[in-house]
Amino acid sequence: MIAGGIAAYVLRDEIESEVNGILTKAQQNYNKNTGVTSTWDKLQREFSCCGVKDPEEWKALNLTTDYPVSCCKVESSLDCPATSPIATTAINNKGCEDAFISWMQAKVAIIGGVGIGLAFVMVVGVLFACCLARAIRKEYEVV
């Protein structure tokens with residue numbers, strides 16, 4: 001637990017390269033794997049972003065539209081049809097990598113703190129177990 005908390009805190013700067021690699025690989029499988037497609041769509045909707053670094057990356061994947069519908073600022077608008085090209089003005093211009101990294105870096109301190117807190121509770125539990133074992137041993141010697 002302690003090692004996990006410390007590792008999360010120390011490696012927080014390496015999040016950027018890991019996230020970039022994972023998102024880029026996953027983007028190549030968009031529309032090939034339903035799990036990847038739904039995950040990308042959820043990510044883009046929740047973080048109001050489009051693509052890994054920018055929306056133009058989607059054009060290289062030869063989708064039926066230039067961008068996934070989840071890139072749209074307002075999916076139900078007329079500027080965002082599901083079957084024809086989507087207007088550039090209707091999509092989010094922010095890349096998902098930056099949005100996700102900012103979110104992760106904000107949460108890594110919490111994750112590390114929870115890990116260290118749980119480790120502290122475990123150490124206290126071990127101390128109580130040692131005290132109990134000592135008390136039982138003393139009681140056994142008396143009898």
# chains A, B, ... in the order shown; residues from 1 in each chain; ligands from 1

$ residues_around --residues "stretch 70-76 of chain A" --least-positions-apart "5" --cutoff "7 Å" --atoms "only C-alpha atoms" --output "VMD selection string"
chain A and resid 41 44 to 45 49 to 50 90 to 92

$ write_last_selection --atoms "C-alpha atoms" --output "CSV table (one decimal), in the first residue's frame"
chain,number,residue,atom,x,y,z
A,41,ASP,CA,-17.3,8.4,-27.2
A,44,GLN,CA,-15.0,12.8,-25.6
A,45,ARG,CA,-18.4,13.6,-24.2
A,49,CYS,CA,-12.7,17.1,-26.3
A,50,CYS,CA,-11.9,15.6,-29.7
A,90,ALA,CA,-19.5,22.3,-34.4
A,91,ILE,CA,-16.8,20.2,-32.8
A,92,ASN,CA,-14.7,20.6,-29.6

$ residues_around --residues "A:Glu14" --least-positions-apart "6" --cutoff "12 Å" --atoms "only C-alpha atoms" --output "tab-separated table (two decimals) with all heavy atoms, in the first residue's frame"
chain	number	residue	atom	x	y	z
A	7	ALA	N	4.62	5.34	-5.30
A	7	ALA	CA	4.82	5.19	-6.75
A	7	ALA	C	3.89	6.10	-7.53
A	7	ALA	O	4.29	6.73	-8.51
A	7	ALA	CB	4.62	3.74	-7.17
A	8	ALA	N	2.63	6.19	-7.12
A	8	ALA	CA	1.67	7.06	-7.80
A	8	ALA	C	2.12	8.51	-7.74
A	8	ALA	O	2.03	9.25	-8.73
A	8	ALA	CB	0.28	6.91	-7.19
A	20	ASN	N	-0.71	9.32	-23.72
A	20	ASN	CA	-0.59	9.56	-25.16
A	20	ASN	C	-0.51	8.24	-25.91
A	20	ASN	O	-1.23	8.03	-26.90
A	20	ASN	CB	0.65	10.41	-25.46
A	20	ASN	CG	0.74	10.79	-26.92
A	20	ASN	OD1	0.44	10.01	-27.80
A	20	ASN	ND2	1.16	12.00	-27.17
A	21	GLY	N	0.34	7.33	-25.45
A	21	GLY	CA	0.48	6.03	-26.12
A	21	GLY	C	-0.81	5.22	-26.11
A	21	GLY	O	-1.21	4.66	-27.14
A	101	ILE	N	-5.12	14.25	-18.86
A	101	ILE	CA	-3.91	14.38	-18.02
A	101	ILE	C	-4.17	15.37	-16.88
A	101	ILE	O	-3.79	15.11	-15.74
A	101	ILE	CB	-2.69	14.79	-18.86
A	101	ILE	CG1	-2.25	13.60	-19.71
A	101	ILE	CG2	-1.55	15.29	-17.99
A	101	ILE	CD1	-1.21	13.92	-20.74
A	104	MET	N	-6.22	13.54	-14.36
A	104	MET	CA	-5.44	12.52	-13.64
A	104	MET	C	-4.48	13.16	-12.64
A	104	MET	O	-4.35	12.67	-11.52
A	104	MET	CB	-4.63	11.67	-14.64
A	104	MET	CG	-5.44	10.66	-15.38
A	104	MET	SD	-6.01	9.33	-14.34
A	104	MET	CE	-4.49	8.49	-13.98
A	105	GLN	N	-3.81	14.23	-13.03
A	105	GLN	CA	-2.86	14.87	-12.12
A	105	GLN	C	-3.57	15.46	-10.91
A	105	GLN	O	-3.02	15.49	-9.82
A	105	GLN	CB	-2.04	15.93	-12.86
A	105	GLN	CG	-1.01	15.30	-13.77
A	105	GLN	CD	-0.23	16.31	-14.58
A	105	GLN	OE1	-0.70	17.40	-14.86
A	105	GLN	NE2	0.96	15.92	-15.00
A	108	VAL	N	-4.27	12.25	-8.71
A	108	VAL	CA	-3.18	11.39	-8.24
A	108	VAL	C	-2.82	11.69	-6.79
A	108	VAL	O	-2.47	10.78	-6.03
A	108	VAL	CB	-1.95	11.46	-9.18
A	108	VAL	CG1	-1.12	12.70	-8.92
A	108	VAL	CG2	-1.09	10.23	-9.03

$ closest_residue --among "A:Val19, A:Val10, A:Leu127, A:Val114" --to "A:Val52" --atoms "only C-alpha atoms"
A:Val19
